[in-house]
$ cat structure-v3.cif   # mmCIF, N, CA and C atoms
data_target
loop_
_atom_site.label_atom_id
_atom_site.label_comp_id
_atom_site.auth_asym_id
_atom_site.auth_seq_id
_atom_site.Cartn_x
_atom_site.Cartn_y
_atom_site.Cartn_z
N MET R 16 0.83 -1.19 0.00
CA MET R 16 0.00 0.00 0.00
C MET R 16 0.88 1.25 0.00
N ALA R 17 1.91 1.28 0.84
CA ALA R 17 2.80 2.44 0.90
C ALA R 17 3.50 2.64 -0.44
N PHE R 18 3.82 1.54 -1.13
CA PHE R 18 4.47 1.61 -2.42
C PHE R 18 3.57 2.32 -3.45
N LEU R 19 2.26 1.97 -3.46
CA LEU R 19 1.32 2.61 -4.37
C LEU R 19 1.18 4.09 -4.07
N LEU R 20 1.17 4.46 -2.80
CA LEU R 20 1.08 5.86 -2.42
C LEU R 20 2.31 6.61 -2.90
N LEU R 21 3.48 6.01 -2.74
CA LEU R 21 4.72 6.64 -3.18
C LEU R 21 4.74 6.86 -4.69
N ILE R 22 4.28 5.87 -5.45
CA ILE R 22 4.22 6.01 -6.91
C ILE R 22 3.23 7.10 -7.29
N SER R 23 2.08 7.14 -6.64
CA SER R 23 1.07 8.16 -6.94
C SER R 23 1.60 9.56 -6.66
N LEU R 24 2.27 9.73 -5.55
CA LEU R 24 2.80 11.05 -5.20
C LEU R 24 3.91 11.48 -6.14
N SER R 25 4.77 10.54 -6.55
CA SER R 25 5.85 10.90 -7.45
C SER R 25 5.33 11.27 -8.84
N ALA R 26 4.21 10.69 -9.25
CA ALA R 26 3.62 11.02 -10.55
C ALA R 26 3.04 12.43 -10.55
N CYS R 27 2.66 12.92 -9.39
CA CYS R 27 2.07 14.27 -9.29
C CYS R 27 3.13 15.36 -9.28
N GLY R 28 4.37 15.03 -9.07
CA GLY R 28 5.42 16.04 -8.93
C GLY R 28 6.13 16.35 -10.22
N GLY R 29 5.40 16.61 -11.30
CA GLY R 29 6.01 16.85 -12.60
C GLY R 29 6.70 18.20 -12.72
N SER R 30 6.37 19.17 -11.90
CA SER R 30 6.94 20.51 -12.01
C SER R 30 8.31 20.54 -11.32
N LYS R 31 9.29 21.19 -11.97
CA LYS R 31 10.62 21.30 -11.37
C LYS R 31 10.72 22.50 -10.45
N ALA R 32 9.91 23.53 -10.70
CA ALA R 32 9.95 24.74 -9.86
C ALA R 32 9.09 24.55 -8.64
N HIS R 33 9.60 25.02 -7.50
CA HIS R 33 8.87 24.91 -6.24
C HIS R 33 8.92 26.25 -5.52
N GLY R 34 8.05 26.41 -4.53
CA GLY R 34 8.08 27.59 -3.70
C GLY R 34 7.19 28.71 -4.21
N PRO R 35 7.27 29.89 -3.55
CA PRO R 35 6.40 31.02 -3.88
C PRO R 35 6.56 31.52 -5.31
N ALA R 36 7.77 31.49 -5.86
CA ALA R 36 7.97 31.99 -7.22
C ALA R 36 7.20 31.14 -8.23
N ALA R 37 7.19 29.82 -8.03
CA ALA R 37 6.45 28.94 -8.93
C ALA R 37 4.96 29.17 -8.80
N LEU R 38 4.47 29.40 -7.60
CA LEU R 38 3.04 29.65 -7.39
C LEU R 38 2.60 30.97 -8.01
N ALA R 39 3.47 31.95 -8.03
CA ALA R 39 3.11 33.26 -8.59
C ALA R 39 2.84 33.18 -10.08
N ASN R 40 3.43 32.21 -10.78
CA ASN R 40 3.26 32.08 -12.22
C ASN R 40 2.06 31.22 -12.61
N LEU R 41 1.41 30.58 -11.65
CA LEU R 41 0.28 29.73 -11.96
C LEU R 41 -0.95 30.56 -12.31
N LYS R 42 -1.69 30.10 -13.29
CA LYS R 42 -2.94 30.74 -13.65
C LYS R 42 -4.07 30.01 -12.92
N PRO R 43 -5.14 30.73 -12.55
CA PRO R 43 -6.23 30.07 -11.83
C PRO R 43 -6.89 29.00 -12.70
N VAL R 44 -7.24 27.88 -12.06
CA VAL R 44 -7.91 26.78 -12.75
C VAL R 44 -9.40 27.08 -12.89
N VAL R 45 -9.95 27.77 -11.92
CA VAL R 45 -11.37 28.10 -11.91
C VAL R 45 -11.53 29.61 -12.05
N HIS R 46 -12.46 30.02 -12.90
CA HIS R 46 -12.74 31.43 -13.13
C HIS R 46 -14.20 31.70 -12.76
N LEU R 47 -14.39 32.28 -11.58
CA LEU R 47 -15.75 32.58 -11.12
C LEU R 47 -16.10 34.02 -11.46
N PRO R 48 -17.31 34.36 -11.79
CA PRO R 48 -18.49 33.50 -11.73
C PRO R 48 -18.77 32.74 -13.03
N SER R 49 -17.99 32.97 -14.09
CA SER R 49 -18.32 32.37 -15.39
C SER R 49 -18.25 30.85 -15.40
N ASP R 50 -17.37 30.24 -14.63
CA ASP R 50 -17.26 28.78 -14.63
C ASP R 50 -18.48 28.10 -14.00
N GLN R 51 -19.20 28.80 -13.15
CA GLN R 51 -20.41 28.20 -12.57
C GLN R 51 -21.64 28.49 -13.43
N ALA R 52 -21.49 29.31 -14.46
CA ALA R 52 -22.59 29.65 -15.36
C ALA R 52 -22.75 28.56 -16.42
N ALA R 53 -23.74 28.74 -17.27
CA ALA R 53 -23.99 27.78 -18.36
C ALA R 53 -22.95 27.94 -19.46
N HIS R 54 -22.59 26.84 -20.07
CA HIS R 54 -21.65 26.83 -21.19
C HIS R 54 -22.40 26.30 -22.40
N SER R 55 -22.61 27.13 -23.40
CA SER R 55 -23.49 26.78 -24.52
C SER R 55 -23.05 25.55 -25.29
N THR R 56 -21.76 25.25 -25.31
CA THR R 56 -21.28 24.10 -26.08
C THR R 56 -21.05 22.85 -25.24
N ALA R 57 -21.23 22.94 -23.94
CA ALA R 57 -21.04 21.76 -23.08
C ALA R 57 -22.17 20.76 -23.32
N ALA R 58 -21.83 19.52 -23.57
CA ALA R 58 -22.83 18.50 -23.86
C ALA R 58 -23.72 18.24 -22.65
N ASN R 59 -23.12 18.14 -21.48
CA ASN R 59 -23.87 17.89 -20.25
C ASN R 59 -23.38 18.82 -19.16
N GLU R 60 -24.32 19.39 -18.44
CA GLU R 60 -23.99 20.25 -17.30
C GLU R 60 -25.04 20.03 -16.23
N TRP R 61 -24.70 20.38 -15.01
CA TRP R 61 -25.68 20.33 -13.94
C TRP R 61 -25.35 21.36 -12.89
N TRP R 62 -26.40 21.81 -12.21
CA TRP R 62 -26.29 22.78 -11.13
C TRP R 62 -27.13 22.24 -9.98
N TYR R 63 -26.66 22.42 -8.75
CA TYR R 63 -27.44 21.89 -7.63
C TYR R 63 -27.37 22.80 -6.42
N LEU R 64 -28.40 22.66 -5.61
CA LEU R 64 -28.54 23.40 -4.37
C LEU R 64 -28.94 22.41 -3.30
N VAL R 65 -28.23 22.41 -2.19
CA VAL R 65 -28.48 21.46 -1.10
C VAL R 65 -28.50 22.24 0.20
N GLY R 66 -29.38 21.85 1.11
CA GLY R 66 -29.41 22.54 2.39
C GLY R 66 -30.34 21.91 3.40
N HIS R 67 -30.49 22.57 4.52
CA HIS R 67 -31.38 22.13 5.61
C HIS R 67 -32.28 23.29 6.01
N LEU R 68 -33.48 22.95 6.41
CA LEU R 68 -34.46 23.92 6.90
C LEU R 68 -34.94 23.47 8.27
N ARG R 69 -35.36 24.43 9.06
CA ARG R 69 -35.90 24.10 10.38
C ARG R 69 -37.23 24.83 10.53
N SER R 70 -38.23 24.13 11.05
CA SER R 70 -39.53 24.71 11.35
C SER R 70 -39.91 24.23 12.75
N GLY R 71 -39.74 25.10 13.73
CA GLY R 71 -39.98 24.68 15.12
C GLY R 71 -38.97 23.61 15.50
N THR R 72 -39.46 22.44 15.86
CA THR R 72 -38.57 21.33 16.23
C THR R 72 -38.32 20.38 15.06
N ARG R 73 -38.98 20.61 13.94
CA ARG R 73 -38.82 19.74 12.78
C ARG R 73 -37.66 20.23 11.91
N THR R 74 -36.94 19.28 11.31
CA THR R 74 -35.86 19.62 10.39
C THR R 74 -36.09 18.90 9.07
N PHE R 75 -35.66 19.57 8.00
CA PHE R 75 -35.81 19.05 6.65
C PHE R 75 -34.50 19.20 5.91
N GLY R 76 -34.22 18.25 5.05
CA GLY R 76 -33.11 18.37 4.12
C GLY R 76 -33.69 18.54 2.72
N TYR R 77 -33.03 19.31 1.86
CA TYR R 77 -33.55 19.48 0.51
C TYR R 77 -32.41 19.48 -0.50
N GLU R 78 -32.77 19.13 -1.73
CA GLU R 78 -31.81 19.15 -2.83
C GLU R 78 -32.58 19.42 -4.12
N VAL R 79 -32.07 20.34 -4.92
CA VAL R 79 -32.60 20.61 -6.25
C VAL R 79 -31.43 20.54 -7.22
N THR R 80 -31.58 19.72 -8.25
CA THR R 80 -30.53 19.59 -9.26
C THR R 80 -31.14 19.79 -10.64
N ILE R 81 -30.50 20.62 -11.45
CA ILE R 81 -30.94 20.84 -12.83
C ILE R 81 -29.84 20.30 -13.74
N PHE R 82 -30.21 19.41 -14.63
CA PHE R 82 -29.29 18.82 -15.59
C PHE R 82 -29.61 19.35 -16.99
N LYS R 83 -28.57 19.60 -17.77
CA LYS R 83 -28.73 19.95 -19.19
C LYS R 83 -28.09 18.83 -20.01
N PHE R 84 -28.87 18.27 -20.94
CA PHE R 84 -28.38 17.25 -21.86
C PHE R 84 -28.53 17.82 -23.27
N LEU R 85 -27.42 18.21 -23.87
CA LEU R 85 -27.40 18.90 -25.16
C LEU R 85 -27.31 17.89 -26.31
N HIS R 86 -28.19 17.99 -27.26
CA HIS R 86 -28.16 17.21 -28.50
C HIS R 86 -28.13 15.69 -28.25
N ILE R 87 -29.08 15.20 -27.47
CA ILE R 87 -29.18 13.75 -27.28
C ILE R 87 -30.18 13.17 -28.28
N ARG R 88 -30.08 11.88 -28.53
CA ARG R 88 -31.00 11.20 -29.44
C ARG R 88 -31.74 10.10 -28.69
N PRO R 89 -32.93 10.45 -28.18
CA PRO R 89 -33.73 9.41 -27.53
C PRO R 89 -34.17 8.36 -28.55
N PRO R 90 -34.42 7.14 -28.11
CA PRO R 90 -34.88 6.09 -29.04
C PRO R 90 -36.14 6.56 -29.78
N GLY R 91 -36.17 6.32 -31.09
CA GLY R 91 -37.33 6.66 -31.89
C GLY R 91 -37.27 8.04 -32.52
N LEU R 92 -36.33 8.88 -32.12
CA LEU R 92 -36.20 10.22 -32.72
C LEU R 92 -35.01 10.24 -33.68
N SER R 93 -35.23 10.84 -34.84
CA SER R 93 -34.15 10.87 -35.83
C SER R 93 -33.26 12.11 -35.71
N VAL R 94 -33.73 13.13 -34.97
CA VAL R 94 -32.93 14.34 -34.79
C VAL R 94 -32.57 14.51 -33.32
N PRO R 95 -31.40 15.07 -33.05
CA PRO R 95 -31.03 15.29 -31.64
C PRO R 95 -31.86 16.41 -31.02
N ILE R 96 -32.08 16.30 -29.72
CA ILE R 96 -32.82 17.33 -28.98
C ILE R 96 -32.03 17.69 -27.72
N THR R 97 -32.37 18.82 -27.15
CA THR R 97 -31.80 19.24 -25.87
C THR R 97 -32.90 19.11 -24.82
N VAL R 98 -32.54 18.51 -23.70
CA VAL R 98 -33.50 18.25 -22.63
C VAL R 98 -32.91 18.73 -21.31
N TYR R 99 -33.77 19.28 -20.48
CA TYR R 99 -33.40 19.66 -19.11
C TYR R 99 -34.16 18.75 -18.17
N ARG R 100 -33.49 18.28 -17.14
CA ARG R 100 -34.13 17.44 -16.12
C ARG R 100 -33.94 18.12 -14.78
N THR R 101 -35.03 18.32 -14.06
CA THR R 101 -34.97 18.91 -12.73
C THR R 101 -35.38 17.86 -11.71
N ASP R 102 -34.49 17.58 -10.77
CA ASP R 102 -34.78 16.68 -9.66
C ASP R 102 -34.93 17.52 -8.40
N ALA R 103 -36.00 17.32 -7.68
CA ALA R 103 -36.20 18.01 -6.41
C ALA R 103 -36.52 16.96 -5.36
N ALA R 104 -35.88 17.07 -4.21
CA ALA R 104 -36.11 16.11 -3.14
C ALA R 104 -36.15 16.85 -1.81
N ILE R 105 -37.00 16.36 -0.92
CA ILE R 105 -37.06 16.91 0.43
C ILE R 105 -37.21 15.74 1.40
N THR R 106 -36.46 15.81 2.46
CA THR R 106 -36.51 14.79 3.50
C THR R 106 -37.01 15.43 4.79
N ASP R 107 -38.09 14.88 5.32
CA ASP R 107 -38.59 15.28 6.63
C ASP R 107 -37.82 14.42 7.63
N GLU R 108 -36.76 14.98 8.20
CA GLU R 108 -35.89 14.21 9.08
C GLU R 108 -36.59 13.80 10.37
N THR R 109 -37.51 14.62 10.84
CA THR R 109 -38.21 14.33 12.08
C THR R 109 -39.14 13.13 11.91
N HIS R 110 -39.92 13.11 10.83
CA HIS R 110 -40.88 12.02 10.60
C HIS R 110 -40.35 10.94 9.66
N ARG R 111 -39.10 11.06 9.26
CA ARG R 111 -38.44 10.07 8.40
C ARG R 111 -39.22 9.81 7.12
N ARG R 112 -39.55 10.90 6.41
CA ARG R 112 -40.25 10.80 5.13
C ARG R 112 -39.39 11.44 4.04
N PHE R 113 -39.50 10.87 2.86
CA PHE R 113 -38.72 11.36 1.73
C PHE R 113 -39.64 11.54 0.53
N ARG R 114 -39.53 12.67 -0.14
CA ARG R 114 -40.30 12.95 -1.35
C ARG R 114 -39.33 13.36 -2.45
N HIS R 115 -39.61 12.86 -3.67
CA HIS R 115 -38.72 13.14 -4.79
C HIS R 115 -39.57 13.39 -6.04
N SER R 116 -39.15 14.34 -6.85
CA SER R 116 -39.88 14.66 -8.08
C SER R 116 -38.88 14.87 -9.20
N VAL R 117 -39.24 14.41 -10.40
CA VAL R 117 -38.41 14.61 -11.59
C VAL R 117 -39.30 15.25 -12.66
N VAL R 118 -38.80 16.33 -13.28
CA VAL R 118 -39.53 17.03 -14.33
C VAL R 118 -38.59 17.23 -15.51
N TYR R 119 -39.08 16.95 -16.72
CA TYR R 119 -38.30 17.18 -17.94
C TYR R 119 -38.83 18.42 -18.63
N SER R 120 -37.91 19.22 -19.17
CA SER R 120 -38.27 20.46 -19.87
C SER R 120 -37.44 20.56 -21.14
N PHE R 121 -37.82 21.53 -21.98
CA PHE R 121 -37.13 21.75 -23.24
C PHE R 121 -36.58 23.16 -23.28
N PRO R 122 -35.69 23.47 -24.23
CA PRO R 122 -35.01 24.77 -24.25
C PRO R 122 -35.91 25.99 -24.13
N GLY R 123 -37.10 25.96 -24.71
CA GLY R 123 -37.99 27.10 -24.61
C GLY R 123 -38.43 27.39 -23.19
N ASP R 124 -38.32 26.39 -22.31
CA ASP R 124 -38.72 26.54 -20.91
C ASP R 124 -37.54 26.90 -20.01
N ALA R 125 -36.36 27.04 -20.57
CA ALA R 125 -35.15 27.26 -19.75
C ALA R 125 -34.55 28.63 -20.00
N ARG R 126 -34.02 29.22 -18.95
CA ARG R 126 -33.28 30.48 -19.02
C ARG R 126 -31.95 30.26 -18.32
N LEU R 127 -30.86 30.32 -19.08
CA LEU R 127 -29.53 30.06 -18.53
C LEU R 127 -28.62 31.26 -18.81
N SER R 128 -27.88 31.69 -17.82
CA SER R 128 -26.92 32.77 -18.01
C SER R 128 -25.55 32.19 -18.32
N ALA R 129 -24.84 32.80 -19.25
CA ALA R 129 -23.47 32.40 -19.57
C ALA R 129 -22.46 33.20 -18.76
N ARG R 130 -22.93 34.14 -17.92
CA ARG R 130 -22.02 34.99 -17.15
C ARG R 130 -22.01 34.68 -15.66
N THR R 131 -23.17 34.32 -15.11
CA THR R 131 -23.26 34.08 -13.67
C THR R 131 -24.12 32.84 -13.42
N LEU R 132 -24.19 32.42 -12.19
CA LEU R 132 -25.02 31.28 -11.82
C LEU R 132 -26.46 31.75 -11.76
N ALA R 133 -27.15 31.65 -12.88
CA ALA R 133 -28.57 32.01 -12.97
C ALA R 133 -29.22 30.99 -13.89
N VAL R 134 -29.88 30.01 -13.31
CA VAL R 134 -30.50 28.92 -14.06
C VAL R 134 -31.96 28.83 -13.65
N ARG R 135 -32.85 28.89 -14.63
CA ARG R 135 -34.29 28.75 -14.37
C ARG R 135 -34.87 27.80 -15.41
N VAL R 136 -35.59 26.82 -14.94
CA VAL R 136 -36.27 25.88 -15.81
C VAL R 136 -37.72 25.81 -15.37
N ALA R 137 -38.64 26.06 -16.31
CA ALA R 137 -40.07 26.04 -15.97
C ALA R 137 -40.61 24.63 -15.96
#
$ encode --input "structure-v3.cif" --output "structure tokens"
Amino acid sequence: MAFLLLISLSACGGSKAHGPAALANLKPVVHLPSDQAAHSTAANEWWYLVGHLRSGTRTFGYEVTIFKFLHIRPPGLSVPITVYRTDAAITDETHRRFRHSVVYSFPGDARLSARTLAVRVA
């Protein structure tokens, strides 16, 4: 096991420069807010929101995920289409209940920003 870890770590050390000078020349890997926005040419993308809510003594967990599938060919269709899938789930932690919903939409029902995280699907 230690041998595999050593090989993995040595494979990651491809750069010869080390220290603050090497870090100063690195370009950011992530560019916010545009990287969290929609990318018109990306075949598949998704955005999600997860959290907890409290109402008195009851607690709930929630999750909403929006998926974009660009130019897919469902069985029986001869032309590619773009589809959005929205999954919404809520868990009533106090009463141990779970609810889940899936809705499919098409581009005319979606509003996506290419500059910021602004995604709306009807």
$ resolve_selection --input "structure-v3.cif" --expression "the PyMOL selection byres ((chain R and resi 79-83) around 7)" --output "PyMOL selection string"
chain R and resi 58-66+77-78+84-85+97-104
$ residues_around --input "structure-v3.cif" --residues "Leu47 (chain R)" --least-positions-apart "2" --cutoff "12 Å" --atoms "only C-alpha atoms" --output "list of chain:residue names"
R:Pro43, R:Val44, R:Val45, R:Ser49, R:Asp50, R:Gln51, R:Ala52, R:Ala53, R:Ala129, R:Arg130, R:Thr131, R:Leu132
$ resolve_selection --input "structure-v3.cif" --expression "the PyMOL selection byres (((chain R and resi 125 and name CA) around 8) and name CA)" --output "tab-separated table (two decimals) with N, CA and C atoms, keeping the file's coordinate frame"
chain	number	residue	atom	x	y	z
R	99	TYR	N	-33.77	19.28	-20.48
R	99	TYR	CA	-33.40	19.66	-19.11
R	99	TYR	C	-34.16	18.75	-18.17
R	120	SER	N	-37.91	19.22	-19.17
R	120	SER	CA	-38.27	20.46	-19.87
R	120	SER	C	-37.44	20.56	-21.14
R	121	PHE	N	-37.82	21.53	-21.98
R	121	PHE	CA	-37.13	21.75	-23.24
R	121	PHE	C	-36.58	23.16	-23.28
R	122	PRO	N	-35.69	23.47	-24.23
R	122	PRO	CA	-35.01	24.77	-24.25
R	122	PRO	C	-35.91	25.99	-24.13
R	123	GLY	N	-37.10	25.96	-24.71
R	123	GLY	CA	-37.99	27.10	-24.61
R	123	GLY	C	-38.43	27.39	-23.19
R	124	ASP	N	-38.32	26.39	-22.31
R	124	ASP	CA	-38.72	26.54	-20.91
R	124	ASP	C	-37.54	26.90	-20.01
R	126	ARG	N	-34.02	29.22	-18.95
R	126	ARG	CA	-33.28	30.48	-19.02
R	126	ARG	C	-31.95	30.26	-18.32
R	127	LEU	N	-30.86	30.32	-19.08
R	127	LEU	CA	-29.53	30.06	-18.53
R	127	LEU	C	-28.62	31.26	-18.81
R	134	VAL	N	-29.88	30.01	-13.31
R	134	VAL	CA	-30.50	28.92	-14.06
R	134	VAL	C	-31.96	28.83	-13.65
R	135	ARG	N	-32.85	28.89	-14.63
R	135	ARG	CA	-34.29	28.75	-14.37
R	135	ARG	C	-34.87	27.80	-15.41
R	136	VAL	N	-35.59	26.82	-14.94
R	136	VAL	CA	-36.27	25.88	-15.81
R	136	VAL	C	-37.72	25.81	-15.37
R	137	ALA	N	-38.64	26.06	-16.31
R	137	ALA	CA	-40.07	26.04	-15.97
R	137	ALA	C	-40.61	24.63	-15.96
$ atom_distance --input "structure-v3.cif" --atom1 "CA of Thr74 (chain R)" --atom2 "CA of Val117 (chain R)"
22.7 Å
$ resolve_selection --input "structure-v3.cif" --expression "the PyMOL selection byres ((chain R and resi 107) around 8)" --output "VMD selection string"
chain R and resid 73 to 77 104 to 106 108 to 114
$ atom_distance --input "structure-v3.cif" --atom1 "CA of Ala133 (chain R)" --atom2 "CA of Pro48 (chain R)"
10.3 Å
$ select_by_dssp --input "structure-v3.cif" --residues "chain R" --states "strand (DSSP E)" --output "short mmCIF file (atom, residue, chain, number, x, y, z; two decimals) with N, CA and C atoms, keeping the file's coordinate frame"
data_model
loop_
_atom_site.label_atom_id
_atom_site.label_comp_id
_atom_site.auth_asym_id
_atom_site.auth_seq_id
_atom_site.Cartn_x
_atom_site.Cartn_y
_atom_site.Cartn_z
N ASN R 59 -23.12 18.14 -21.48
CA ASN R 59 -23.87 17.89 -20.25
C ASN R 59 -23.38 18.82 -19.16
N GLU R 60 -24.32 19.39 -18.44
CA GLU R 60 -23.99 20.25 -17.30
C GLU R 60 -25.04 20.03 -16.23
N TRP R 61 -24.70 20.38 -15.01
CA TRP R 61 -25.68 20.33 -13.94
C TRP R 61 -25.35 21.36 -12.89
N TRP R 62 -26.40 21.81 -12.21
CA TRP R 62 -26.29 22.78 -11.13
C TRP R 62 -27.13 22.24 -9.98
N TYR R 63 -26.66 22.42 -8.75
CA TYR R 63 -27.44 21.89 -7.63
C TYR R 63 -27.37 22.80 -6.42
N LEU R 64 -28.40 22.66 -5.61
CA LEU R 64 -28.54 23.40 -4.37
C LEU R 64 -28.94 22.41 -3.30
N VAL R 65 -28.23 22.41 -2.19
CA VAL R 65 -28.48 21.46 -1.10
C VAL R 65 -28.50 22.24 0.20
N GLY R 66 -29.38 21.85 1.11
CA GLY R 66 -29.41 22.54 2.39
C GLY R 66 -30.34 21.91 3.40
N HIS R 67 -30.49 22.57 4.52
CA HIS R 67 -31.38 22.13 5.61
C HIS R 67 -32.28 23.29 6.01
N LEU R 68 -33.48 22.95 6.41
CA LEU R 68 -34.46 23.92 6.90
C LEU R 68 -34.94 23.47 8.27
N ARG R 69 -35.36 24.43 9.06
CA ARG R 69 -35.90 24.10 10.38
C ARG R 69 -37.23 24.83 10.53
N SER R 70 -38.23 24.13 11.05
CA SER R 70 -39.53 24.71 11.35
C SER R 70 -39.91 24.23 12.75
N ARG R 73 -38.98 20.61 13.94
CA ARG R 73 -38.82 19.74 12.78
C ARG R 73 -37.66 20.23 11.91
N THR R 74 -36.94 19.28 11.31
CA THR R 74 -35.86 19.62 10.39
C THR R 74 -36.09 18.90 9.07
N PHE R 75 -35.66 19.57 8.00
CA PHE R 75 -35.81 19.05 6.65
C PHE R 75 -34.50 19.20 5.91
N GLY R 76 -34.22 18.25 5.05
CA GLY R 76 -33.11 18.37 4.12
C GLY R 76 -33.69 18.54 2.72
N TYR R 77 -33.03 19.31 1.86
CA TYR R 77 -33.55 19.48 0.51
C TYR R 77 -32.41 19.48 -0.50
N GLU R 78 -32.77 19.13 -1.73
CA GLU R 78 -31.81 19.15 -2.83
C GLU R 78 -32.58 19.42 -4.12
N VAL R 79 -32.07 20.34 -4.92
CA VAL R 79 -32.60 20.61 -6.25
C VAL R 79 -31.43 20.54 -7.22
N THR R 80 -31.58 19.72 -8.25
CA THR R 80 -30.53 19.59 -9.26
C THR R 80 -31.14 19.79 -10.64
N ILE R 81 -30.50 20.62 -11.45
CA ILE R 81 -30.94 20.84 -12.83
C ILE R 81 -29.84 20.30 -13.74
N PHE R 82 -30.21 19.41 -14.63
CA PHE R 82 -29.29 18.82 -15.59
C PHE R 82 -29.61 19.35 -16.99
N LYS R 83 -28.57 19.60 -17.77
CA LYS R 83 -28.73 19.95 -19.19
C LYS R 83 -28.09 18.83 -20.01
N PHE R 84 -28.87 18.27 -20.94
CA PHE R 84 -28.38 17.25 -21.86
C PHE R 84 -28.53 17.82 -23.27
N LEU R 85 -27.42 18.21 -23.87
CA LEU R 85 -27.40 18.90 -25.16
C LEU R 85 -27.31 17.89 -26.31
N HIS R 86 -28.19 17.99 -27.26
CA HIS R 86 -28.16 17.21 -28.50
C HIS R 86 -28.13 15.69 -28.25
N ILE R 87 -29.08 15.20 -27.47
CA ILE R 87 -29.18 13.75 -27.28
C ILE R 87 -30.18 13.17 -28.28
N ILE R 96 -32.08 16.30 -29.72
CA ILE R 96 -32.82 17.33 -28.98
C ILE R 96 -32.03 17.69 -27.72
N THR R 97 -32.37 18.82 -27.15
CA THR R 97 -31.80 19.24 -25.87
C THR R 97 -32.90 19.11 -24.82
N VAL R 98 -32.54 18.51 -23.70
CA VAL R 98 -33.50 18.25 -22.63
C VAL R 98 -32.91 18.73 -21.31
N TYR R 99 -33.77 19.28 -20.48
CA TYR R 99 -33.40 19.66 -19.11
C TYR R 99 -34.16 18.75 -18.17
N ARG R 100 -33.49 18.28 -17.14
CA ARG R 100 -34.13 17.44 -16.12
C ARG R 100 -33.94 18.12 -14.78
N THR R 101 -35.03 18.32 -14.06
CA THR R 101 -34.97 18.91 -12.73
C THR R 101 -35.38 17.86 -11.71
N ASP R 102 -34.49 17.58 -10.77
CA ASP R 102 -34.78 16.68 -9.66
C ASP R 102 -34.93 17.52 -8.40
N ALA R 103 -36.00 17.32 -7.68
CA ALA R 103 -36.20 18.01 -6.41
C ALA R 103 -36.52 16.96 -5.36
N ALA R 104 -35.88 17.07 -4.21
CA ALA R 104 -36.11 16.11 -3.14
C ALA R 104 -36.15 16.85 -1.81
N ILE R 105 -37.00 16.36 -0.92
CA ILE R 105 -37.06 16.91 0.43
C ILE R 105 -37.21 15.74 1.40
N THR R 106 -36.46 15.81 2.46
CA THR R 106 -36.51 14.79 3.50
C THR R 106 -37.01 15.43 4.79
N ASP R 107 -38.09 14.88 5.32
CA ASP R 107 -38.59 15.28 6.63
C ASP R 107 -37.82 14.42 7.63
N ARG R 112 -39.55 10.90 6.41
CA ARG R 112 -40.25 10.80 5.13
C ARG R 112 -39.39 11.44 4.04
N PHE R 113 -39.50 10.87 2.86
CA PHE R 113 -38.72 11.36 1.73
C PHE R 113 -39.64 11.54 0.53
N ARG R 114 -39.53 12.67 -0.14
CA ARG R 114 -40.30 12.95 -1.35
C ARG R 114 -39.33 13.36 -2.45
N HIS R 115 -39.61 12.86 -3.67
CA HIS R 115 -38.72 13.14 -4.79
C HIS R 115 -39.57 13.39 -6.04
N SER R 116 -39.15 14.34 -6.85
CA SER R 116 -39.88 14.66 -8.08
C SER R 116 -38.88 14.87 -9.20
N VAL R 117 -39.24 14.41 -10.40
CA VAL R 117 -38.41 14.61 -11.59
C VAL R 117 -39.30 15.25 -12.66
N VAL R 118 -38.80 16.33 -13.28
CA VAL R 118 -39.53 17.03 -14.33
C VAL R 118 -38.59 17.23 -15.51
N TYR R 119 -39.08 16.95 -16.72
CA TYR R 119 -38.30 17.18 -17.94
C TYR R 119 -38.83 18.42 -18.63
N SER R 120 -37.91 19.22 -19.17
CA SER R 120 -38.27 20.46 -19.87
C SER R 120 -37.44 20.56 -21.14
N ALA R 125 -36.36 27.04 -20.57
CA ALA R 125 -35.15 27.26 -19.75
C ALA R 125 -34.55 28.63 -20.00
N ARG R 126 -34.02 29.22 -18.95
CA ARG R 126 -33.28 30.48 -19.02
C ARG R 126 -31.95 30.26 -18.32
N LEU R 127 -30.86 30.32 -19.08
CA LEU R 127 -29.53 30.06 -18.53
C LEU R 127 -28.62 31.26 -18.81
N VAL R 134 -29.88 30.01 -13.31
CA VAL R 134 -30.50 28.92 -14.06
C VAL R 134 -31.96 28.83 -13.65
N ARG R 135 -32.85 28.89 -14.63
CA ARG R 135 -34.29 28.75 -14.37
C ARG R 135 -34.87 27.80 -15.41
N VAL R 136 -35.59 26.82 -14.94
CA VAL R 136 -36.27 25.88 -15.81
C VAL R 136 -37.72 25.81 -15.37
#
$ atom_distance --input "structure-v3.cif" --atom1 "atom N of Ile87 (chain R)" --atom2 "atom C of Ala57 (chain R)"
9.8 Å
